[in-house]
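Inspection log for the structure reproduced underneath, given as structure tokens.
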Amino acid sequence: DGVVRLLGARIGGRLDCTGARLSNDDGPALVLDGVRVEENVFLGSLVATGSGAGGTVSLGNATFGSLDCVGARMYNGSGPALNAADLTVAGNVFLDRLDAVSDGENVTLNFAGTVVKGQFEFSPARVEHRAHRSQRLWLDGLTYNGLPVGVSPSGWVRLISEATPTYTPQPYQQLAAAHRALGHDREARYVLIGQRRDQIR
């Protein structure tokens, strides 16, 4: 069921997998579904190779204090590299220099329903889907505090439009609301124009 599997575990402190090397030819490499970690989760410089629709690294329905994936490398030949669907993070998420590659029918990085109560820092080294550029990200339901860090507003709009498999309004509305809260009316209009263009396309 996974090289490292902590399904539903409760951890009162932190979870540190910095620099770990995990490989599974027949399924996920790291399964943290439903795990509650009171403090921080460190996956920095992790090297994980797996297979299957569940994701090489699966964090579904988990709750963390913060999530650090700085410099991590995640690869999947038949499913998501990172599955963070319905993950809740009380603090920040750091995806700096993340290298993620996938193939198959699923997206490379799945953030469906992910709740980040702090900052969402997105400056990966590479996010690649070998078959379809439009299956690199799933962002519907992702919420975060303020604006995404590490990517320009126009760059984030471009990712929503070009790197996701289908049109959904929520990622645009989330970004536009963040701009309006900061008094960036011009930027908010730019985002909503991008949403309308994507909807028409």
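Chain labels run A, B, ... following the order of the structure tokens; each chain numbers its residues from 1, and ligands are numbered from 1 in the order shown.
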
_Near-region 25-27 of chain A list (9 Å; only C-alpha atoms; drop same-chain fewer than 2 positions) as a list in words_ =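 What passes the distance filter is Asp1, Gly2, Val3, Ser23, Ala29, Thr49, Gly50, Ser51, Gly52, Ala53, Gly54, Gly55 and Thr56 of chain A.
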
Show me, as CSV, the residues of region 78-140 of chain A having an atom within 12 Å of region 36-40 of chain A, each with the closest atom pair and its distance in Å, using only C-alpha atoms.
residue,atom,partner,partner_atom,distance
A:Leu87,CA,A:Arg36,CA,10.1
A:Thr88,CA,A:Arg36,CA,9.5
A:Val89,CA,A:Asn40,CA,9.3
A:Ala90,CA,A:Glu39,CA,9.1
A:Gly91,CA,A:Asn40,CA,8.7
A:Asn92,CA,A:Asn40,CA,9.4
A:Val93,CA,A:Asn40,CA,10.0
A:Phe94,CA,A:Asn40,CA,11.3

Those selected residues, please, written with N, CA and C atoms and delivered as a PDB file, in the first residue's frame.
ATOM      1  N   LEU A  87      -6.276  18.675   1.619  1.00  0.00           N
ATOM      2  CA  LEU A  87      -5.292  18.936   2.671  1.00  0.00           C
ATOM      3  C   LEU A  87      -5.608  20.267   3.344  1.00  0.00           C
ATOM      4  N   THR A  88      -5.434  20.337   4.674  1.00  0.00           N
ATOM      5  CA  THR A  88      -5.589  21.583   5.424  1.00  0.00           C
ATOM      6  C   THR A  88      -4.267  21.919   6.095  1.00  0.00           C
ATOM      7  N   VAL A  89      -3.767  23.128   5.839  1.00  0.00           N
ATOM      8  CA  VAL A  89      -2.493  23.568   6.408  1.00  0.00           C
ATOM      9  C   VAL A  89      -2.746  24.843   7.203  1.00  0.00           C
ATOM     10  N   ALA A  90      -2.429  24.812   8.507  1.00  0.00           N
ATOM     11  CA  ALA A  90      -2.697  25.963   9.372  1.00  0.00           C
ATOM     12  C   ALA A  90      -1.766  27.127   9.074  1.00  0.00           C
ATOM     13  N   GLY A  91      -0.561  26.842   8.588  1.00  0.00           N
ATOM     14  CA  GLY A  91       0.408  27.881   8.282  1.00  0.00           C
ATOM     15  C   GLY A  91       0.689  27.980   6.798  1.00  0.00           C
ATOM     16  N   ASN A  92       1.973  27.961   6.435  1.00  0.00           N
ATOM     17  CA  ASN A  92       2.391  28.198   5.055  1.00  0.00           C
ATOM     18  C   ASN A  92       2.703  26.900   4.315  1.00  0.00           C
ATOM     19  N   VAL A  93       2.641  26.974   2.995  1.00  0.00           N
ATOM     20  CA  VAL A  93       3.067  25.893   2.110  1.00  0.00           C
ATOM     21  C   VAL A  93       4.185  26.423   1.231  1.00  0.00           C
ATOM     22  N   PHE A  94       5.309  25.698   1.208  1.00  0.00           N
ATOM     23  CA  PHE A  94       6.470  26.111   0.427  1.00  0.00           C
ATOM     24  C   PHE A  94       6.754  25.059  -0.645  1.00  0.00           C
TER      25      PHE A  94
END

*If you count only C-alpha atoms, which residues fall within 10 Å of Gln173 (chain A), apart from same-chain ones fewer than 3 positions away, as a PyMOL selection string?*
chain A and resi 168-170+176-179+188+191-192+195

Any chance you can output those residues with N, CA, C and O atoms as a PDB file, in the first residue's frame?
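Writing the result to out-v3.pdb gives the following:
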ATOM      1  N   THR A 168     -12.625  26.141 -14.535  1.00  0.00           N
ATOM      2  CA  THR A 168     -13.372  26.282 -13.285  1.00  0.00           C
ATOM      3  C   THR A 168     -13.202  27.718 -12.803  1.00  0.00           C
ATOM      4  O   THR A 168     -12.091  28.262 -12.852  1.00  0.00           O
ATOM      5  N   PRO A 169     -14.258  28.359 -12.326  1.00  0.00           N
ATOM      6  CA  PRO A 169     -14.164  29.776 -11.953  1.00  0.00           C
ATOM      7  C   PRO A 169     -13.453  30.028 -10.630  1.00  0.00           C
ATOM      8  O   PRO A 169     -12.898  31.110 -10.432  1.00  0.00           O
ATOM      9  N   GLN A 170     -13.473  29.071  -9.703  1.00  0.00           N
ATOM     10  CA  GLN A 170     -13.000  29.347  -8.341  1.00  0.00           C
ATOM     11  C   GLN A 170     -11.551  29.840  -8.267  1.00  0.00           C
ATOM     12  O   GLN A 170     -11.277  30.797  -7.520  1.00  0.00           O
ATOM     13  N   ALA A 176      -8.795  37.061  -7.693  1.00  0.00           N
ATOM     14  CA  ALA A 176      -9.389  38.395  -7.817  1.00  0.00           C
ATOM     15  C   ALA A 176      -9.770  38.953  -6.453  1.00  0.00           C
ATOM     16  O   ALA A 176      -9.550  40.144  -6.169  1.00  0.00           O
ATOM     17  N   ALA A 177     -10.322  38.123  -5.585  1.00  0.00           N
ATOM     18  CA  ALA A 177     -10.703  38.569  -4.244  1.00  0.00           C
ATOM     19  C   ALA A 177      -9.482  39.003  -3.447  1.00  0.00           C
ATOM     20  O   ALA A 177      -9.536  39.987  -2.691  1.00  0.00           O
ATOM     21  N   ALA A 178      -8.369  38.287  -3.601  1.00  0.00           N
ATOM     22  CA  ALA A 178      -7.138  38.656  -2.896  1.00  0.00           C
ATOM     23  C   ALA A 178      -6.635  40.018  -3.369  1.00  0.00           C
ATOM     24  O   ALA A 178      -6.195  40.845  -2.555  1.00  0.00           O
ATOM     25  N   HIS A 179      -6.718  40.268  -4.667  1.00  0.00           N
ATOM     26  CA  HIS A 179      -6.319  41.579  -5.187  1.00  0.00           C
ATOM     27  C   HIS A 179      -7.234  42.685  -4.670  1.00  0.00           C
ATOM     28  O   HIS A 179      -6.758  43.758  -4.263  1.00  0.00           O
ATOM     29  N   ALA A 188      -7.344  42.999 -10.208  1.00  0.00           N
ATOM     30  CA  ALA A 188      -8.545  42.170 -10.077  1.00  0.00           C
ATOM     31  C   ALA A 188      -9.310  42.110 -11.397  1.00  0.00           C
ATOM     32  O   ALA A 188      -9.782  41.035 -11.802  1.00  0.00           O
ATOM     33  N   VAL A 191      -7.589  39.755 -13.796  1.00  0.00           N
ATOM     34  CA  VAL A 191      -7.864  38.353 -13.482  1.00  0.00           C
ATOM     35  C   VAL A 191      -9.238  37.948 -14.009  1.00  0.00           C
ATOM     36  O   VAL A 191      -9.399  36.881 -14.618  1.00  0.00           O
ATOM     37  N   LEU A 192     -10.242  38.803 -13.815  1.00  0.00           N
ATOM     38  CA  LEU A 192     -11.596  38.462 -14.236  1.00  0.00           C
ATOM     39  C   LEU A 192     -11.730  38.449 -15.759  1.00  0.00           C
ATOM     40  O   LEU A 192     -12.508  37.661 -16.315  1.00  0.00           O
ATOM     41  N   GLN A 195     -10.416  35.167 -16.684  1.00  0.00           N
ATOM     42  CA  GLN A 195     -11.427  34.141 -16.425  1.00  0.00           C
ATOM     43  C   GLN A 195     -12.426  34.062 -17.574  1.00  0.00           C
ATOM     44  O   GLN A 195     -12.764  32.960 -18.041  1.00  0.00           O
TER      45      GLN A 195
END

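The coordinates place CA of Ala100 (chain A) at 18.5 Å from CA of Leu142 (chain A).
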
Excluding Arg130 (chain A) and residues on its chain fewer than 5 positions from it, collect all residues at most 9 Å away from it, counting only C-alpha atoms, and give them as a PDB file with N, CA, C and O atoms, in the first residue's frame.
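That gives us selection-v2.pdb:
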ATOM      1  N   GLY A  77       4.873   7.669 -13.106  1.00  0.00           N
ATOM      2  CA  GLY A  77       4.671   7.330 -14.509  1.00  0.00           C
ATOM      3  C   GLY A  77       3.232   7.092 -14.886  1.00  0.00           C
ATOM      4  O   GLY A  77       2.920   6.967 -16.080  1.00  0.00           O
ATOM      5  N   VAL A 101       7.066  15.438 -11.952  1.00  0.00           N
ATOM      6  CA  VAL A 101       6.806  14.924 -13.296  1.00  0.00           C
ATOM      7  C   VAL A 101       5.814  13.769 -13.183  1.00  0.00           C
ATOM      8  O   VAL A 101       5.940  12.915 -12.289  1.00  0.00           O
ATOM      9  N   SER A 102       4.830  13.755 -14.087  1.00  0.00           N
ATOM     10  CA  SER A 102       3.848  12.673 -14.067  1.00  0.00           C
ATOM     11  C   SER A 102       3.430  12.313 -15.484  1.00  0.00           C
ATOM     12  O   SER A 102       3.799  12.968 -16.457  1.00  0.00           O
ATOM     13  N   ASP A 103       2.605  11.273 -15.566  1.00  0.00           N
ATOM     14  CA  ASP A 103       2.028  10.828 -16.828  1.00  0.00           C
ATOM     15  C   ASP A 103       0.680  10.195 -16.502  1.00  0.00           C
ATOM     16  O   ASP A 103       0.281  10.120 -15.340  1.00  0.00           O
ATOM     17  N   GLY A 104      -0.029   9.763 -17.523  1.00  0.00           N
ATOM     18  CA  GLY A 104      -1.314   9.124 -17.297  1.00  0.00           C
ATOM     19  C   GLY A 104      -2.466  10.107 -17.364  1.00  0.00           C
ATOM     20  O   GLY A 104      -2.342  11.215 -17.864  1.00  0.00           O
TER      21      GLY A 104
END

_Proximity to Ala62 (chain A) - best of A:Leu22, A:Val107, A:Ile200, A:Ala9, only C-alpha atoms_ =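 With only C-alpha atoms as the atom set, the closest residue is A:Ala9.
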
*Residue neighbourhood Leu32 (chain A), 9 Å, only C-alpha atoms, exclusion window fewer than 6 positions, as a list of chain:residue names*: A:Val4, A:Arg5, A:Leu6, A:Leu7, A:Gly8, A:Ala9, A:Val57, A:Ser58, A:Leu59, A:Gly60, A:Asn61, A:Ala62

Would you output that residue set with all heavy atoms, as a short mmCIF file (atom, residue, chain, number, x, y, z; two decimals), in the first residue's frame?
data_model
loop_
_atom_site.label_atom_id
_atom_site.label_comp_id
_atom_site.auth_asym_id
_atom_site.auth_seq_id
_atom_site.Cartn_x
_atom_site.Cartn_y
_atom_site.Cartn_z
N VAL A 4 6.20 4.04 2.59
CA VAL A 4 5.98 4.58 3.94
C VAL A 4 4.52 4.96 4.02
O VAL A 4 4.04 5.78 3.24
CB VAL A 4 6.88 5.80 4.21
CG1 VAL A 4 6.55 6.41 5.57
CG2 VAL A 4 8.35 5.40 4.17
N ARG A 5 3.81 4.38 4.99
CA ARG A 5 2.35 4.56 5.07
C ARG A 5 1.98 4.85 6.52
O ARG A 5 2.16 4.01 7.38
CB ARG A 5 1.65 3.30 4.57
CG ARG A 5 0.13 3.38 4.50
CD ARG A 5 -0.40 2.13 3.80
NE ARG A 5 -1.85 2.14 3.68
CZ ARG A 5 -2.66 1.56 4.54
NH1 ARG A 5 -2.17 0.92 5.58
NH2 ARG A 5 -3.96 1.61 4.35
N LEU A 6 1.47 6.06 6.75
CA LEU A 6 1.08 6.49 8.10
C LEU A 6 -0.39 6.87 8.11
O LEU A 6 -0.77 7.87 8.71
CB LEU A 6 1.94 7.67 8.54
CG LEU A 6 3.45 7.46 8.56
CD1 LEU A 6 4.17 8.75 8.94
CD2 LEU A 6 3.84 6.35 9.52
N LEU A 7 -1.20 6.10 7.47
CA LEU A 7 -2.60 6.42 7.26
C LEU A 7 -3.29 6.72 8.59
O LEU A 7 -3.32 5.89 9.51
CB LEU A 7 -3.30 5.25 6.57
CG LEU A 7 -4.74 5.46 6.13
CD1 LEU A 7 -4.82 6.51 5.05
CD2 LEU A 7 -5.34 4.15 5.64
N GLY A 8 -3.84 7.95 8.72
CA GLY A 8 -4.62 8.32 9.88
C GLY A 8 -3.83 8.54 11.15
O GLY A 8 -4.40 8.66 12.23
N ALA A 9 -2.51 8.63 11.07
CA ALA A 9 -1.69 8.80 12.27
C ALA A 9 -1.90 10.16 12.92
O ALA A 9 -2.32 11.11 12.26
CB ALA A 9 -0.22 8.61 11.92
N VAL A 57 3.32 10.93 -3.76
CA VAL A 57 3.17 11.42 -2.39
C VAL A 57 1.71 11.80 -2.23
O VAL A 57 1.20 12.65 -2.96
CB VAL A 57 4.09 12.63 -2.13
CG1 VAL A 57 3.83 13.21 -0.75
CG2 VAL A 57 5.56 12.23 -2.27
N SER A 58 1.04 11.17 -1.27
CA SER A 58 -0.39 11.40 -1.08
C SER A 58 -0.64 11.99 0.30
O SER A 58 -0.27 11.39 1.32
CB SER A 58 -1.17 10.09 -1.24
OG SER A 58 -2.56 10.34 -1.14
N LEU A 59 -1.29 13.18 0.31
CA LEU A 59 -1.55 13.92 1.55
C LEU A 59 -3.05 14.16 1.73
O LEU A 59 -3.45 15.09 2.42
CB LEU A 59 -0.81 15.27 1.53
CG LEU A 59 0.65 15.26 1.10
CD1 LEU A 59 1.20 16.69 1.05
CD2 LEU A 59 1.49 14.39 2.02
N GLY A 60 -3.87 13.36 1.12
CA GLY A 60 -5.30 13.60 1.11
C GLY A 60 -5.93 13.67 2.49
O GLY A 60 -5.68 12.81 3.34
N ASN A 61 -6.74 14.70 2.71
CA ASN A 61 -7.49 14.87 3.96
C ASN A 61 -6.61 14.98 5.19
O ASN A 61 -7.08 14.77 6.31
CB ASN A 61 -8.51 13.74 4.15
CG ASN A 61 -9.62 13.77 3.13
OD1 ASN A 61 -10.45 14.67 3.14
ND2 ASN A 61 -9.62 12.81 2.23
N ALA A 62 -5.34 15.31 5.01
CA ALA A 62 -4.43 15.46 6.14
C ALA A 62 -4.53 16.89 6.70
O ALA A 62 -5.07 17.79 6.06
CB ALA A 62 -3.00 15.16 5.72
#

*Measuring atom to atom with only C-alpha atoms, identify which of A:Thr166, A:Ser152, A:Ser45, A:Asn76 is nearest to Leu95 (chain A).*
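Smallest separation from Leu95 (chain A) among the options: A:Ser45.
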
_Residue nearest Lys117 (chain A) - candidates A:Gly65, A:Gly12, A:Pro80, A:Gly183, atoms counted: only C-alpha atoms_ =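 That would be A:Gly65, the residue with the smallest distance to Lys117 (chain A).
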
*Report the distance between CA of Thr114 (chain A) and CA of Arg126 (chain A) in Å, rounded to one decimal place.*
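The value is 20.6 Å.
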
Using DSSP secondary structure from the backbone, list all strand (DSSP E) positions within region 51-113 of chain A, as a PDB file with N, CA, C and O atoms, in the first residue's frame.
ATOM      1  N   VAL A  57       3.322  10.925  -3.762  1.00  0.00           N
ATOM      2  CA  VAL A  57       3.170  11.421  -2.395  1.00  0.00           C
ATOM      3  C   VAL A  57       1.709  11.802  -2.225  1.00  0.00           C
ATOM      4  O   VAL A  57       1.202  12.651  -2.957  1.00  0.00           O
ATOM      5  N   SER A  58       1.035  11.172  -1.271  1.00  0.00           N
ATOM      6  CA  SER A  58      -0.392  11.398  -1.079  1.00  0.00           C
ATOM      7  C   SER A  58      -0.641  11.990   0.301  1.00  0.00           C
ATOM      8  O   SER A  58      -0.274  11.393   1.320  1.00  0.00           O
ATOM      9  N   THR A  63      -3.992  17.078   7.911  1.00  0.00           N
ATOM     10  CA  THR A  63      -3.945  18.383   8.555  1.00  0.00           C
ATOM     11  C   THR A  63      -2.541  18.611   9.090  1.00  0.00           C
ATOM     12  O   THR A  63      -2.056  17.820   9.898  1.00  0.00           O
ATOM     13  N   PHE A  64      -1.879  19.679   8.612  1.00  0.00           N
ATOM     14  CA  PHE A  64      -0.506  19.984   9.005  1.00  0.00           C
ATOM     15  C   PHE A  64      -0.431  21.382   9.599  1.00  0.00           C
ATOM     16  O   PHE A  64      -1.245  22.248   9.297  1.00  0.00           O
ATOM     17  N   SER A  66       2.406  23.245   8.932  1.00  0.00           N
ATOM     18  CA  SER A  66       2.901  23.851   7.690  1.00  0.00           C
ATOM     19  C   SER A  66       3.471  22.728   6.837  1.00  0.00           C
ATOM     20  O   SER A  66       3.645  21.597   7.311  1.00  0.00           O
ATOM     21  N   LEU A  67       3.753  23.048   5.576  1.00  0.00           N
ATOM     22  CA  LEU A  67       4.279  22.035   4.653  1.00  0.00           C
ATOM     23  C   LEU A  67       5.445  22.623   3.883  1.00  0.00           C
ATOM     24  O   LEU A  67       5.300  23.638   3.205  1.00  0.00           O
ATOM     25  N   ASP A  68       6.593  21.975   3.979  1.00  0.00           N
ATOM     26  CA  ASP A  68       7.816  22.422   3.312  1.00  0.00           C
ATOM     27  C   ASP A  68       8.249  21.348   2.319  1.00  0.00           C
ATOM     28  O   ASP A  68       8.642  20.245   2.713  1.00  0.00           O
ATOM     29  N   ARG A  73      11.752  16.204  -5.088  1.00  0.00           N
ATOM     30  CA  ARG A  73      11.593  15.637  -6.428  1.00  0.00           C
ATOM     31  C   ARG A  73      10.607  14.482  -6.346  1.00  0.00           C
ATOM     32  O   ARG A  73      10.832  13.526  -5.592  1.00  0.00           O
ATOM     33  N   MET A  74       9.536  14.585  -7.133  1.00  0.00           N
ATOM     34  CA  MET A  74       8.471  13.589  -7.090  1.00  0.00           C
ATOM     35  C   MET A  74       8.123  13.171  -8.515  1.00  0.00           C
ATOM     36  O   MET A  74       7.822  14.017  -9.348  1.00  0.00           O
ATOM     37  N   TYR A  75       8.139  11.871  -8.755  1.00  0.00           N
ATOM     38  CA  TYR A  75       7.920  11.355 -10.108  1.00  0.00           C
ATOM     39  C   TYR A  75       6.901  10.218 -10.077  1.00  0.00           C
ATOM     40  O   TYR A  75       6.924   9.366  -9.188  1.00  0.00           O
ATOM     41  N   ASN A  76       6.016  10.210 -11.095  1.00  0.00           N
ATOM     42  CA  ASN A  76       5.005   9.172 -11.213  1.00  0.00           C
ATOM     43  C   ASN A  76       4.743   8.912 -12.686  1.00  0.00           C
ATOM     44  O   ASN A  76       4.411   9.836 -13.426  1.00  0.00           O
ATOM     45  N   LEU A  82       2.155  14.620  -6.817  1.00  0.00           N
ATOM     46  CA  LEU A  82       1.725  15.039  -5.478  1.00  0.00           C
ATOM     47  C   LEU A  82       0.212  15.149  -5.453  1.00  0.00           C
ATOM     48  O   LEU A  82      -0.374  15.912  -6.229  1.00  0.00           O
ATOM     49  N   ASN A  83      -0.405  14.391  -4.571  1.00  0.00           N
ATOM     50  CA  ASN A  83      -1.850  14.453  -4.392  1.00  0.00           C
ATOM     51  C   ASN A  83      -2.134  15.082  -3.030  1.00  0.00           C
ATOM     52  O   ASN A  83      -1.981  14.432  -1.995  1.00  0.00           O
ATOM     53  N   THR A  88      -5.434  20.337   4.674  1.00  0.00           N
ATOM     54  CA  THR A  88      -5.589  21.583   5.424  1.00  0.00           C
ATOM     55  C   THR A  88      -4.267  21.919   6.095  1.00  0.00           C
ATOM     56  O   THR A  88      -3.711  21.087   6.816  1.00  0.00           O
ATOM     57  N   VAL A  89      -3.767  23.128   5.839  1.00  0.00           N
ATOM     58  CA  VAL A  89      -2.493  23.568   6.408  1.00  0.00           C
ATOM     59  C   VAL A  89      -2.746  24.843   7.203  1.00  0.00           C
ATOM     60  O   VAL A  89      -3.216  25.844   6.654  1.00  0.00           O
ATOM     61  N   VAL A  93       2.641  26.974   2.995  1.00  0.00           N
ATOM     62  CA  VAL A  93       3.067  25.893   2.110  1.00  0.00           C
ATOM     63  C   VAL A  93       4.185  26.423   1.231  1.00  0.00           C
ATOM     64  O   VAL A  93       4.026  27.458   0.580  1.00  0.00           O
ATOM     65  N   PHE A  94       5.309  25.698   1.208  1.00  0.00           N
ATOM     66  CA  PHE A  94       6.470  26.111   0.427  1.00  0.00           C
ATOM     67  C   PHE A  94       6.754  25.059  -0.645  1.00  0.00           C
ATOM     68  O   PHE A  94       7.063  23.905  -0.326  1.00  0.00           O
ATOM     69  N   ASP A  99      10.446  19.709  -8.077  1.00  0.00           N
ATOM     70  CA  ASP A  99      10.564  19.088  -9.400  1.00  0.00           C
ATOM     71  C   ASP A  99       9.551  17.944  -9.449  1.00  0.00           C
ATOM     72  O   ASP A  99       9.727  16.927  -8.757  1.00  0.00           O
ATOM     73  N   ALA A 100       8.481  18.112 -10.220  1.00  0.00           N
ATOM     74  CA  ALA A 100       7.396  17.134 -10.251  1.00  0.00           C
ATOM     75  C   ALA A 100       7.085  16.743 -11.682  1.00  0.00           C
ATOM     76  O   ALA A 100       6.846  17.609 -12.531  1.00  0.00           O
ATOM     77  N   VAL A 101       7.066  15.438 -11.952  1.00  0.00           N
ATOM     78  CA  VAL A 101       6.806  14.924 -13.296  1.00  0.00           C
ATOM     79  C   VAL A 101       5.814  13.769 -13.183  1.00  0.00           C
ATOM     80  O   VAL A 101       5.940  12.915 -12.289  1.00  0.00           O
ATOM     81  N   SER A 102       4.830  13.755 -14.087  1.00  0.00           N
ATOM     82  CA  SER A 102       3.848  12.673 -14.067  1.00  0.00           C
ATOM     83  C   SER A 102       3.430  12.313 -15.484  1.00  0.00           C
ATOM     84  O   SER A 102       3.799  12.968 -16.457  1.00  0.00           O
ATOM     85  N   LEU A 109       0.119  17.862 -10.137  1.00  0.00           N
ATOM     86  CA  LEU A 109      -0.063  18.369  -8.773  1.00  0.00           C
ATOM     87  C   LEU A 109      -1.545  18.595  -8.528  1.00  0.00           C
ATOM     88  O   LEU A 109      -2.162  19.411  -9.204  1.00  0.00           O
ATOM     89  N   ASN A 110      -2.102  17.899  -7.556  1.00  0.00           N
ATOM     90  CA  ASN A 110      -3.533  17.980  -7.282  1.00  0.00           C
ATOM     91  C   ASN A 110      -3.761  18.736  -5.980  1.00  0.00           C
ATOM     92  O   ASN A 110      -3.440  18.246  -4.895  1.00  0.00           O
TER      93      ASN A 110
END

*Can you list, as a PyMOL selection string, every protein, DNA or RNA residue that comes within 9 Å of Ser154 (chain A) when you count only C-alpha atoms, leaving out same-chain residues fewer than 3 positions away?*
chain A and resi 151+157-159+187+190-191

*Distance CA of Gly44 (chain A)-CA of Val70 (chain A), one decimal place?*
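Taking CA of Gly44 (chain A) as the start and CA of Val70 (chain A) as the end point, the length is 4.6 Å.
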
Which of region 6-186 of chain A fall in alpha helix (DSSP H), as a compact mmCIF listing (two decimals) with C-alpha atoms, in the first residue's frame:
# COMPACT_ATOMS: atom_id res chain seq x y z
CA PRO A 153 -0.27 37.65 -10.88
CA SER A 154 -0.12 37.30 -14.66
CA GLY A 155 1.90 34.09 -14.32
CA TRP A 156 -0.70 32.62 -11.94
CA VAL A 157 -3.53 33.55 -14.33
CA ARG A 158 -1.62 31.88 -17.16
CA LEU A 159 -1.21 28.70 -15.09
CA ILE A 160 -4.91 28.62 -14.24
CA SER A 161 -5.74 28.97 -17.93
CA GLU A 162 -3.09 26.76 -19.53
CA GLN A 170 -13.00 29.35 -8.34
CA PRO A 171 -9.23 29.78 -8.89
CA TYR A 172 -9.85 33.07 -10.71
CA GLN A 173 -12.32 34.26 -8.07
CA GLN A 174 -9.87 33.43 -5.27
CA LEU A 175 -7.11 35.46 -6.94
CA ALA A 176 -9.39 38.40 -7.82
CA ALA A 177 -10.70 38.57 -4.24
CA ALA A 178 -7.14 38.66 -2.90
CA HIS A 179 -6.32 41.58 -5.19
CA ARG A 180 -9.48 43.46 -4.21
CA ALA A 181 -8.68 42.99 -0.52
CA ASP A 185 -8.61 46.95 -8.54
CA ARG A 186 -6.76 46.97 -11.86
